[in-house]
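Chemist: Take a look at data-v9.txt, compact mmCIF, C-alpha atoms and all ligand atoms:
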```txt
# COMPACT_ATOMS: atom_id res chain seq x y z
CA MET A 1 111.36 133.70 76.80
CA ALA A 2 110.26 130.52 78.58
CA PRO A 3 111.29 130.20 82.23
CA ARG A 4 114.29 127.99 82.78
CA LEU A 5 112.53 125.69 85.24
CA ALA A 6 109.02 124.57 86.14
CA ILE A 7 108.15 122.69 89.32
CA VAL A 8 105.04 120.53 88.96
CA TYR A 9 103.29 119.85 92.25
CA HIS A 10 99.86 119.48 93.87
CA ASP A 11 98.92 119.16 97.58
CA GLU A 12 96.72 116.13 96.83
CA MET A 13 99.88 114.02 96.77
CA LEU A 14 100.19 114.51 100.55
CA GLU A 15 96.91 112.61 101.05
CA HIS A 16 98.66 109.28 100.51
CA ARG A 17 99.31 108.13 104.08
CA PRO A 18 100.53 104.55 104.25
CA PRO A 19 99.74 102.91 106.55
CA GLY A 20 98.94 105.11 109.59
CA LEU A 21 96.90 102.21 110.78
CA GLU A 22 95.97 100.19 113.82
CA PRO A 23 98.90 99.31 116.11
CA GLU A 24 98.92 95.62 115.21
CA LEU A 25 99.18 96.38 111.50
CA ARG A 26 101.84 98.97 112.24
CA ASP A 27 103.94 96.33 113.98
CA TYR A 28 103.43 94.01 111.03
CA HIS A 29 104.65 96.70 108.64
CA ALA A 30 107.57 97.55 110.88
CA ARG A 31 108.73 93.93 110.99
CA LYS A 32 108.46 93.53 107.23
CA LEU A 33 110.26 96.78 106.56
CA ARG A 34 113.02 96.01 109.01
CA LEU A 35 113.68 92.80 107.09
CA LEU A 36 113.85 94.72 103.82
CA LEU A 37 115.45 97.99 104.74
CA GLY A 38 117.30 97.30 107.97
CA ASP A 39 118.30 100.37 109.94
CA LEU A 40 116.37 102.73 107.70
CA VAL A 41 113.26 102.08 109.76
CA ALA A 42 114.91 101.96 113.16
CA THR A 43 113.31 105.27 114.07
CA ALA A 44 110.90 105.75 116.93
CA PRO A 45 108.00 106.33 116.85
CA TRP A 46 107.83 104.16 113.76
CA LYS A 47 106.43 105.67 110.60
CA HIS A 48 106.14 104.30 107.10
CA PRO A 49 109.23 105.64 105.32
CA GLU A 50 107.16 106.78 102.33
CA ARG A 51 105.46 109.50 104.38
CA PRO A 52 103.95 112.87 103.40
CA GLU A 53 106.79 114.82 105.07
CA ARG A 54 109.19 113.57 102.40
CA LEU A 55 107.42 115.73 99.87
CA SER A 56 106.02 118.58 101.99
CA SER A 57 109.51 119.33 103.32
CA LEU A 58 110.95 119.48 99.80
CA ILE A 59 108.19 121.80 98.65
CA GLU A 60 108.65 124.13 101.63
CA HIS A 61 112.38 124.13 101.03
CA VAL A 62 112.09 125.01 97.34
CA ARG A 63 109.39 127.65 97.94
CA GLY A 64 111.62 129.26 100.55
CA ARG A 65 114.48 129.56 98.09
CA ASP A 66 112.55 130.50 94.96
CA ASP A 67 113.62 133.98 93.87
CA GLY A 68 110.73 134.22 91.43
CA ARG A 69 112.37 132.41 88.56
CA ILE A 70 110.57 129.08 89.03
CA ALA A 71 107.25 128.54 87.22
CA TRP A 72 104.94 126.55 89.52
CA ILE A 73 102.49 124.29 87.72
CA GLU A 74 99.51 122.55 89.36
CA PRO A 75 98.88 119.33 87.48
CA GLU A 76 95.59 117.57 86.75
CA ARG A 77 95.13 113.92 87.73
CA ALA A 78 96.18 111.53 85.00
CA ASP A 79 93.03 110.29 83.26
CA GLU A 80 92.15 106.76 82.21
CA ARG A 81 93.47 107.20 78.68
CA MET A 82 96.86 108.31 80.00
CA LEU A 83 97.08 105.52 82.57
CA LEU A 84 96.08 102.81 80.10
CA ARG A 85 99.13 103.60 77.95
CA ALA A 86 101.34 102.06 80.66
CA HIS A 87 98.96 99.89 82.70
CA THR A 88 96.43 97.15 82.06
CA ALA A 89 92.69 97.71 82.39
CA GLY A 90 92.77 95.17 85.24
CA HIS A 91 95.32 97.24 87.16
CA LEU A 92 93.18 100.36 86.82
CA LYS A 93 90.12 98.44 87.96
CA LYS A 94 92.02 97.32 91.08
CA LEU A 95 93.10 100.91 91.74
CA GLU A 96 89.54 102.24 91.37
CA ALA A 97 88.34 99.60 93.84
CA LEU A 98 90.94 100.78 96.38
CA LYS A 99 89.72 104.38 96.45
CA GLY A 100 88.72 105.34 99.96
CA ARG A 101 90.16 102.19 101.51
CA ARG A 102 93.07 101.15 103.72
CA ARG A 103 94.82 98.08 102.40
CA LEU A 104 98.17 96.36 102.42
CA LEU A 105 99.00 95.46 98.81
CA SER A 106 102.30 93.63 98.87
CA VAL A 107 104.68 91.96 101.27
CA ASP A 108 107.09 94.87 100.84
CA THR A 109 104.55 97.12 102.56
CA THR A 110 103.10 98.87 99.54
CA ALA A 111 99.89 100.10 101.10
CA VAL A 112 97.02 102.51 100.55
CA SER A 113 95.08 104.91 102.72
CA PRO A 114 91.76 106.47 101.61
CA GLY A 115 93.47 109.26 99.64
CA SER A 116 96.20 107.17 98.02
CA VAL A 117 94.69 106.34 94.67
CA ASN A 118 93.87 109.94 93.81
CA ALA A 119 97.35 110.91 95.04
CA ALA A 120 98.83 108.33 92.67
CA PHE A 121 96.72 109.59 89.76
CA ARG A 122 97.85 113.14 90.60
CA ALA A 123 101.50 112.03 90.72
CA ALA A 124 101.21 110.47 87.26
CA GLY A 125 99.44 113.65 86.12
CA ALA A 126 102.36 115.69 87.46
CA ALA A 127 104.83 113.63 85.43
CA VAL A 128 102.60 114.22 82.38
CA GLY A 129 102.49 117.93 83.28
CA ALA A 130 106.28 118.07 83.33
CA VAL A 131 106.40 116.51 79.87
CA ASP A 132 103.76 118.95 78.59
CA ALA A 133 105.74 121.88 80.01
CA VAL A 134 108.97 120.98 78.22
CA CYS A 135 107.35 119.73 75.00
CA SER A 136 105.19 122.85 74.61
CA GLY A 137 108.09 125.19 75.36
CA ARG A 138 106.39 126.47 78.54
CA ALA A 139 109.66 125.77 80.39
CA GLU A 140 113.15 124.66 79.40
CA SER A 141 113.15 121.89 81.98
CA ALA A 142 110.65 120.65 84.55
CA PHE A 143 110.80 118.77 87.83
CA ALA A 144 107.68 116.93 89.00
CA LEU A 145 107.88 116.63 92.77
CA VAL A 146 105.61 113.69 93.45
CA ARG A 147 104.61 110.83 95.67
CA PRO A 148 103.81 108.00 95.72
CA PRO A 149 106.85 107.10 93.63
CA GLY A 150 106.40 105.04 90.47
CA HIS A 151 109.32 103.07 89.12
CA HIS A 152 108.49 99.76 90.87
CA ALA A 153 104.91 99.74 89.52
CA PHE A 154 104.38 97.20 86.74
CA ALA A 155 101.78 97.27 83.96
CA ALA A 156 99.67 95.03 86.20
CA GLY A 157 101.28 95.11 89.61
CA PHE A 158 102.03 97.11 92.77
CA ARG A 159 105.47 96.99 94.35
CA GLY A 160 107.97 98.95 96.40
CA PHE A 161 105.62 101.74 97.58
CA CYS A 162 104.53 102.34 93.93
CA LEU A 163 100.95 102.23 92.60
CA VAL A 164 101.24 103.87 89.17
CA ASN A 165 104.39 104.10 87.08
CA ASN A 166 104.59 107.88 86.73
CA VAL A 167 107.56 107.97 84.37
CA ALA A 168 106.12 105.25 82.13
CA VAL A 169 102.80 107.10 81.83
CA ALA A 170 104.72 110.30 81.02
CA ALA A 171 106.93 108.65 78.39
CA ARG A 172 103.96 107.12 76.58
CA HIS A 173 102.12 110.46 76.76
CA ALA A 174 105.09 112.20 75.13
CA MET A 175 105.03 109.68 72.28
CA ALA A 176 101.25 109.64 71.81
CA VAL A 177 100.45 113.32 72.24
CA HIS A 178 103.63 115.23 71.38
CA GLY A 179 104.82 112.91 68.61
CA ILE A 180 108.16 112.22 70.28
CA GLU A 181 109.58 109.15 68.54
CA ARG A 182 112.32 108.17 70.99
CA VAL A 183 112.43 108.76 74.75
CA LEU A 184 115.46 108.29 76.98
CA ILE A 185 114.59 107.31 80.56
CA VAL A 186 117.43 107.74 83.05
CA ASP A 187 116.81 106.08 86.42
CA TRP A 188 119.36 107.15 89.03
CA ASP A 189 117.31 106.03 92.05
CA ILE A 190 119.47 103.61 94.03
CA HIS A 191 116.89 100.83 93.60
CA HIS A 192 116.50 99.24 90.19
CA GLY A 193 113.43 100.52 88.30
CA ASP A 194 112.02 97.04 87.76
CA GLY A 195 108.53 98.20 86.82
CA THR A 196 109.76 100.69 84.22
CA GLU A 197 112.19 98.18 82.74
CA SER A 198 109.43 95.61 82.43
CA ILE A 199 106.99 98.04 80.77
CA PHE A 200 109.53 99.07 78.09
CA ALA A 201 111.53 95.85 77.72
CA SER A 202 110.17 95.21 74.21
CA ASP A 203 109.80 98.85 73.17
CA PRO A 204 112.61 100.04 70.85
CA GLY A 205 111.33 103.63 71.18
CA VAL A 206 112.43 103.90 74.80
CA LEU A 207 116.03 103.67 75.95
CA MET A 208 116.07 102.77 79.66
CA PHE A 209 119.34 103.49 81.43
CA ASP A 210 119.37 102.42 85.07
CA VAL A 211 122.22 102.79 87.55
CA HIS A 212 121.46 101.15 90.91
CA ARG A 213 122.81 99.01 93.69
CA ALA A 214 123.15 95.44 92.49
CA ALA A 215 121.06 92.43 93.55
CA PRO A 216 120.41 90.99 96.07
CA TYR A 217 119.66 94.55 97.18
CA TYR A 218 115.98 95.46 96.68
CA PRO A 219 114.27 94.73 94.28
CA GLY A 220 116.85 92.14 93.20
CA THR A 221 116.62 92.81 89.44
CA GLY A 222 118.60 94.99 87.01
CA ALA A 223 121.36 92.59 86.06
CA LEU A 224 123.87 93.63 83.43
CA GLU A 225 122.56 90.84 81.21
CA SER A 226 119.01 92.31 81.13
CA VAL A 227 119.20 94.32 77.91
CA GLY A 228 115.58 94.16 76.74
CA GLN A 229 113.84 91.65 74.52
CA GLY A 230 112.45 91.24 71.03
CA ARG A 231 112.50 94.53 69.14
CA GLY A 232 113.56 96.23 72.37
CA ARG A 233 116.73 94.21 72.70
CA GLY A 234 119.62 96.58 73.31
CA THR A 235 117.52 99.51 74.55
CA THR A 236 117.74 98.54 78.23
CA LEU A 237 121.08 99.35 79.85
CA ASN A 238 121.65 98.36 83.47
CA VAL A 239 124.67 99.38 85.52
CA PRO A 240 124.57 97.52 88.85
CA LEU A 241 126.87 98.98 91.51
CA PRO A 242 128.31 97.28 94.59
CA ALA A 243 127.50 98.34 98.16
CA GLY A 244 129.11 101.63 99.11
CA ALA A 245 129.72 102.81 95.53
CA GLY A 246 130.61 106.50 95.38
CA ASP A 247 130.48 109.59 93.18
CA GLN A 248 133.22 108.50 90.79
CA ALA A 249 131.36 105.30 89.94
CA VAL A 250 128.04 106.93 89.10
CA LEU A 251 129.82 109.66 87.11
CA ALA A 252 131.73 107.04 85.13
CA ALA A 253 128.47 105.19 84.45
CA PHE A 254 127.11 108.40 82.94
CA ASP A 255 130.27 109.36 81.02
CA ASP A 256 131.28 105.97 79.68
CA ILE A 257 127.90 104.30 79.13
CA LEU A 258 124.95 106.72 79.16
CA LEU A 259 126.44 109.58 77.12
CA PRO A 260 127.69 107.52 74.15
CA ALA A 261 124.51 105.39 74.10
CA ALA A 262 122.25 108.46 74.23
CA ARG A 263 124.12 110.12 71.35
CA ARG A 264 123.52 107.06 69.19
CA PHE A 265 119.90 106.69 70.28
CA ARG A 266 119.08 110.38 69.60
CA PRO A 267 116.09 110.84 71.94
CA GLY A 268 113.52 113.61 71.47
CA LEU A 269 112.97 113.84 75.25
CA ILE A 270 114.89 112.91 78.40
CA LEU A 271 112.86 111.73 81.39
CA VAL A 272 114.53 111.10 84.73
CA SER A 273 113.46 108.79 87.54
CA ALA A 274 115.13 111.03 90.08
CA GLY A 275 115.40 109.24 93.41
CA PHE A 276 117.67 110.74 96.04
CA ASP A 277 118.33 107.56 98.02
CA GLY A 278 121.91 107.08 96.87
CA THR A 279 123.34 109.23 99.66
CA ARG A 280 125.26 107.64 102.50
CA GLU A 281 122.41 108.10 105.02
CA HIS A 282 120.38 105.61 103.01
CA LEU A 283 122.96 102.88 103.67
CA ALA A 284 123.07 101.50 100.11
CA CYS A 285 125.71 103.57 98.30
CA ARG A 286 127.66 106.66 99.28
CA PHE A 287 126.84 109.38 96.78
CA SER A 288 127.26 112.96 97.92
CA PRO A 289 124.36 115.38 97.40
CA ALA A 290 126.71 117.35 95.12
CA VAL A 291 126.98 114.50 92.62
CA TYR A 292 123.35 115.05 91.64
CA ALA A 293 124.38 118.45 90.28
CA HIS A 294 126.94 116.75 88.04
CA LEU A 295 124.44 114.14 86.85
CA THR A 296 121.88 116.86 86.10
CA GLN A 297 124.49 118.94 84.27
CA ARG A 298 125.30 116.00 81.99
CA LEU A 299 121.60 115.43 81.23
CA LYS A 300 121.06 119.14 80.61
CA MET A 301 123.97 119.06 78.17
CA LEU A 302 122.47 116.02 76.39
CA ALA A 303 119.02 117.65 76.30
CA ASP A 304 120.47 120.83 74.77
CA GLU A 305 122.47 118.83 72.26
CA LEU A 306 119.94 116.17 71.27
CA CYS A 307 116.38 117.19 72.08
CA GLN A 308 115.78 120.93 72.03
CA GLN A 309 116.28 121.17 75.80
CA ARG A 310 113.41 118.82 76.63
CA LEU A 311 114.36 117.49 80.07
CA ALA A 312 111.76 116.38 82.64
CA LEU A 313 112.63 114.94 86.05
CA VAL A 314 110.25 113.04 88.29
CA LEU A 315 110.92 112.34 91.97
CA GLU A 316 111.20 108.70 93.02
CA GLY A 317 112.72 107.55 96.35
CA GLY A 318 114.63 109.29 99.13
CA TYR A 319 113.71 108.89 102.78
CA HIS A 320 116.09 111.14 104.73
CA ILE A 321 114.92 114.72 104.49
CA GLU A 322 118.15 116.71 104.79
CA PRO A 323 120.25 114.92 102.18
CA MET A 324 117.21 114.90 99.88
CA GLN A 325 116.91 118.67 100.19
CA ALA A 326 120.61 119.10 99.51
CA ALA A 327 120.49 116.80 96.48
CA LEU A 328 117.38 118.51 95.08
CA ASP A 329 119.04 121.90 95.60
CA ALA A 330 122.04 120.67 93.66
CA CYS A 331 119.81 119.67 90.71
CA LEU A 332 117.73 122.85 90.72
CA LYS A 333 120.79 125.11 90.77
CA VAL A 334 122.09 123.49 87.58
CA LEU A 335 118.69 123.80 85.90
CA LEU A 336 118.34 127.47 86.88
CA ASP A 337 121.96 128.56 86.30
CA PRO A 338 123.52 126.05 83.91
CA GLY A 339 126.73 128.01 83.46
CA GLU A 340 127.68 128.17 87.15
CA GLU A 341 130.57 126.24 88.63
CA LEU A 342 129.54 122.88 90.12
CA PRO A 343 130.17 121.86 93.74
CA PRO A 344 133.06 119.40 94.26
CA VAL A 345 132.33 115.66 94.38
CA MET A 346 133.98 113.00 96.54
CA ALA A 347 137.07 111.16 95.34
CA LEU A 348 135.83 107.76 96.63
CA ARG A 349 136.40 105.26 93.82
CA THR A 350 134.38 102.30 95.15
CA GLY A 351 132.37 100.83 92.28
CA LEU A 352 134.60 101.95 89.41
CA PRO A 353 135.66 98.38 88.44
CA ALA A 354 131.97 97.37 88.25
CA VAL A 355 131.30 100.26 85.86
CA ARG A 356 134.30 99.31 83.68
CA ASN A 357 133.03 95.75 83.60
CA ALA A 358 129.53 96.95 82.65
CA ARG A 359 130.93 99.13 79.89
CA ASN A 360 132.92 96.22 78.41
CA HIS A 361 130.00 93.83 78.65
CA LEU A 362 127.53 96.24 77.05
CA ALA A 363 129.99 97.24 74.32
CA ALA A 364 130.19 93.58 73.34
CA THR A 365 126.46 92.90 73.48
CA THR A 366 124.43 96.00 72.54
CA ALA A 367 124.42 98.00 69.31
CA LEU A 368 124.22 101.38 71.07
CA LEU A 369 127.61 100.82 72.70
CA LYS A 370 129.49 98.79 70.11
CA ASP A 371 132.84 100.41 69.36
ZN ZN B 401 114.72 103.98 95.69
```
Will you turn the file into structure tokens for me?
Modeler:
Amino acid sequence: MAPRLAIVYHDEMLEHRPPGLEPELRDYHARKLRLLLGDLVATAPWKHPERPERLSSLIEHVRGRDDGRIAWIEPERADERMLLRAHTAGHLKKLEALKGRRRLLSVDTTAVSPGSVNAAFRAAGAAVGAVDAVCSGRAESAFALVRPPGHHAFAAGFRGFCLVNNVAVAARHAMAVHGIERVLIVDWDIHHGDGTESIFASDPGVLMFDVHRAAPYYPGTGALESVGQGRGRGTTLNVPLPAGAGDQAVLAAFDDILLPAARRFRPGLILVSAGFDGTREHLACRFSPAVYAHLTQRLKMLADELCQQRLALVLEGGYHIEPMQAALDACLKVLLDPGEELPPVMALRTGLPAVRNARNHLAATTALLKD
């Protein structure tokens, strides 16, 4: 019998060290980040929030708790053919030229150190590895623990700490190599997955469901009215939440919007942009770590029901170590012991009216939710 859960990880992803640079550049980054993220960077000594410890601490934590039931997979780097399914040749050329260099790439402090490009290729390879594991039956579900994150990377652009769109590369790989006709991407990172949405906006084979804090919060996209375009119209579903939204809101977004839409869409694979920056420490919304168990349980149920268990999660954001560990624990417990009782969530109802409004709007405008 296949193991319940595979973790896909490689040490090369720790070699991305933005910016770790000269003091004057560090101050420049710090100023920019303070403008964007406020108190999140008010730590001394200042470090780029997308730092290796985010991932190394999660890996240590999971290794320490593994009772032998987790299958550990070391991924290859994504190759050119894989990357070109989601990115332009020009974007890859730019990435190749950045190998071995230190550079600031965008005003929102996306930056590279000498090991960053190979780390990014390895992260995309890990997302592909997670898809391979669940599509080949090597594991029931898989979690790719990666950095740099991917969901702000566009077909031809860097943004929001992202160089390569890991989930987009993985979705296209599933379609091209495993013959999966329809992929559901669930993005529960608290920032809108603008890069992923843009890559699949016209693709009717990918249903993108994204719950996030509403604009003007970073990156400022993900409006309810963005439902895809052309043949992809109606296969982008955004649920923007107000500041301070809690567990009940994100659960309602899943129950009232995602679940019915997914059942109509009938995906052959569920991919998750799993950021853990919705917890209160991140100052955007107020999810409890426990709610991630409930979100995972719903996706596991959908995967069992609709796509022969094929569920692959890929880490995105999350910058406070302890709540990230707790949230990841919550997910892994559900994937390892799906029948167990779930931890209690918070009763906070902030954000519920926004979800009701989103549900009504989408029911009136998109085929997947029409009553
Ligand atoms: Zn995020």
Chemist: Using only C-alpha atoms and all ligand atoms, which residues have at least one atom no more than 6 Å from ligand ZN 401 (chain B)? Output them as a list in words.
Modeler: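 What falls inside 6 Å of ligand ZN 401 (chain B) is Asp189, Ile190, His191, Gly275, Asp277 and Gly317 of chain A.
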Chemist: For a quick check of understanding, using all atoms listed in the file, which of A:Pro240, A:Met324, A:Ala133, A:Pro338 has the smallest distance to Val62 of chain A?
Modeler: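 Between A:Pro240, A:Met324, A:Ala133, A:Pro338, the residue approaching Val62 of chain A most closely is A:Met324.
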Chemist: Which one of A:Arg298, A:Lys333, A:Arg54, A:His16 sits closest to Phe276 of chain A if you count only C-alpha atoms?
Modeler: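 With only C-alpha atoms as the atom set, the closest residue is A:Arg54.
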Chemist: Is it possible to get the residues within 10 Å of (115.7, 112.6, 102.8) (coordinates as in the file, counting all atoms listed in the file) written as a ChimeraX atom specification?
Modeler: /A:49,53-55,57-58,275-277,279,281-282,317-328
Chemist: Counting all atoms listed in the file, which residues come within 12 Å of (97.4, 115.5, 106.8), with the point read in the file's coordinates, and could you list them as a PDB file with C-alpha atoms, in the coordinates of the input?
Modeler:
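part-v8.pdb written:
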```pdb
ATOM      1  CA  ASP A  11      98.920 119.160  97.580  1.00  0.00           C
ATOM      2  CA  GLU A  12      96.720 116.130  96.830  1.00  0.00           C
ATOM      3  CA  MET A  13      99.880 114.020  96.770  1.00  0.00           C
ATOM      4  CA  LEU A  14     100.190 114.510 100.550  1.00  0.00           C
ATOM      5  CA  GLU A  15      96.910 112.610 101.050  1.00  0.00           C
ATOM      6  CA  HIS A  16      98.660 109.280 100.510  1.00  0.00           C
ATOM      7  CA  ARG A  17      99.310 108.130 104.080  1.00  0.00           C
ATOM      8  CA  PRO A  18     100.530 104.550 104.250  1.00  0.00           C
ATOM      9  CA  GLY A  20      98.940 105.110 109.590  1.00  0.00           C
ATOM     10  CA  ARG A  51     105.460 109.500 104.380  1.00  0.00           C
ATOM     11  CA  PRO A  52     103.950 112.870 103.400  1.00  0.00           C
ATOM     12  CA  GLU A  53     106.790 114.820 105.070  1.00  0.00           C
ATOM     13  CA  SER A  56     106.020 118.580 101.990  1.00  0.00           C
ATOM     14  CA  SER A 113      95.080 104.910 102.720  1.00  0.00           C
ATOM     15  CA  PRO A 114      91.760 106.470 101.610  1.00  0.00           C
ATOM     16  CA  GLY A 115      93.470 109.260  99.640  1.00  0.00           C
TER      17      GLY A 115
END
```
Chemist: Using only C-alpha atoms for the distances, tell me which of A:Lys93, A:His173, A:Arg231, A:His151 is nearest to Val314 of chain A.
Modeler: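 That would be A:His151, the residue with the smallest distance to Val314 of chain A.
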Chemist: Between A:Thr366, A:Ser116, A:Asn360, A:Gln308, which one has atoms that come closest to Leu163 of chain A, using all atoms listed in the file?
Modeler: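 When distances to Leu163 of chain A are compared using all atoms listed in the file, the smallest one comes from A:Ser116.
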Chemist: Rank nothing, just name the residue among A:His61, A:Arg349, A:Arg101, A:Lys94 nearest to Val250 of chain A, using all atoms listed in the file.
Modeler: A:Arg349
Chemist: For each of A:Ala330, A:Val131, A:Ala252, A:Met346, take the minimum atom-to-atom distance to Val272 of chain A, counting all atoms listed in the file, then give the residue where this is smallest.
Modeler: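 Looking only at the distances to Val272 of chain A, the closest residue turns out to be A:Val131.
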Chemist: Work out how far apart atom CA of Ile59 of chain A and atom CA of Val146 of chain A are and give it in Å to one decimal.
Modeler: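 According to the coordinates, atom CA of Ile59 of chain A and atom CA of Val146 of chain A are separated by 10.0 Å.
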Chemist: Determine, counting only C-alpha atoms, which protein, DNA and RNA residues have an atom within 7 Å of an atom of Leu315 of chain A; residues of the same chain fewer than 4 positions away are not included. Present the result as an mmCIF file with C-alpha atoms, in the coordinates of the input.
Modeler:
```cif
data_model
loop_
_atom_site.group_PDB
_atom_site.id
_atom_site.type_symbol
_atom_site.label_atom_id
_atom_site.label_comp_id
_atom_site.auth_asym_id
_atom_site.auth_seq_id
_atom_site.Cartn_x
_atom_site.Cartn_y
_atom_site.Cartn_z
ATOM 1 C CA ALA A 144 107.680 116.930 89.000
ATOM 2 C CA LEU A 145 107.880 116.630 92.770
ATOM 3 C CA VAL A 146 105.610 113.690 93.450
ATOM 4 C CA PRO A 149 106.850 107.100 93.630
ATOM 5 C CA SER A 273 113.460 108.790 87.540
ATOM 6 C CA ALA A 274 115.130 111.030 90.080
ATOM 7 C CA GLY A 275 115.400 109.240 93.410
#
```
Chemist: Ala153 of chain A: which residues within 9 Å, counting only C-alpha atoms, same-chain residues fewer than 3 positions away excluded, as a list in words?
Modeler: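 Final neighbour list, sorted by chain and number: Pro149, Gly150, Ala156, Gly157, Phe158, Arg159, Gly160, Phe161, Cys162, Leu163, Val164, Asn165, Asn166, Gly193, Asp194, Gly195 and Thr196 of chain A.
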Chemist: Contacts of Gly339 of chain A at 12 Å or less, counting all atoms listed in the file, minus same-chain residues fewer than 4 places along, as an mmCIF file with C-alpha atoms, in the frame of the given file?
Modeler:
```cif
data_model
loop_
_atom_site.group_PDB
_atom_site.id
_atom_site.type_symbol
_atom_site.label_atom_id
_atom_site.label_comp_id
_atom_site.auth_asym_id
_atom_site.auth_seq_id
_atom_site.Cartn_x
_atom_site.Cartn_y
_atom_site.Cartn_z
ATOM 1 C CA ALA A 293 124.380 118.450 90.280
ATOM 2 C CA GLN A 297 124.490 118.940 84.270
ATOM 3 C CA LYS A 300 121.060 119.140 80.610
ATOM 4 C CA MET A 301 123.970 119.060 78.170
ATOM 5 C CA LYS A 333 120.790 125.110 90.770
ATOM 6 C CA VAL A 334 122.090 123.490 87.580
ATOM 7 C CA LEU A 335 118.690 123.800 85.900
#
```
Chemist: Write out as lines of an AutoDock Vina configuration file an axis-aligned box for segment 60-75 of chain A: all of its atoms listed in the file, 6 Å added on each side, centre and edge lengths in Å with one decimal.
Modeler:
```
center_x = 106.7
center_y = 126.8
center_z = 94.4
size_x = 27.6
size_y = 26.9
size_z = 26.4
```
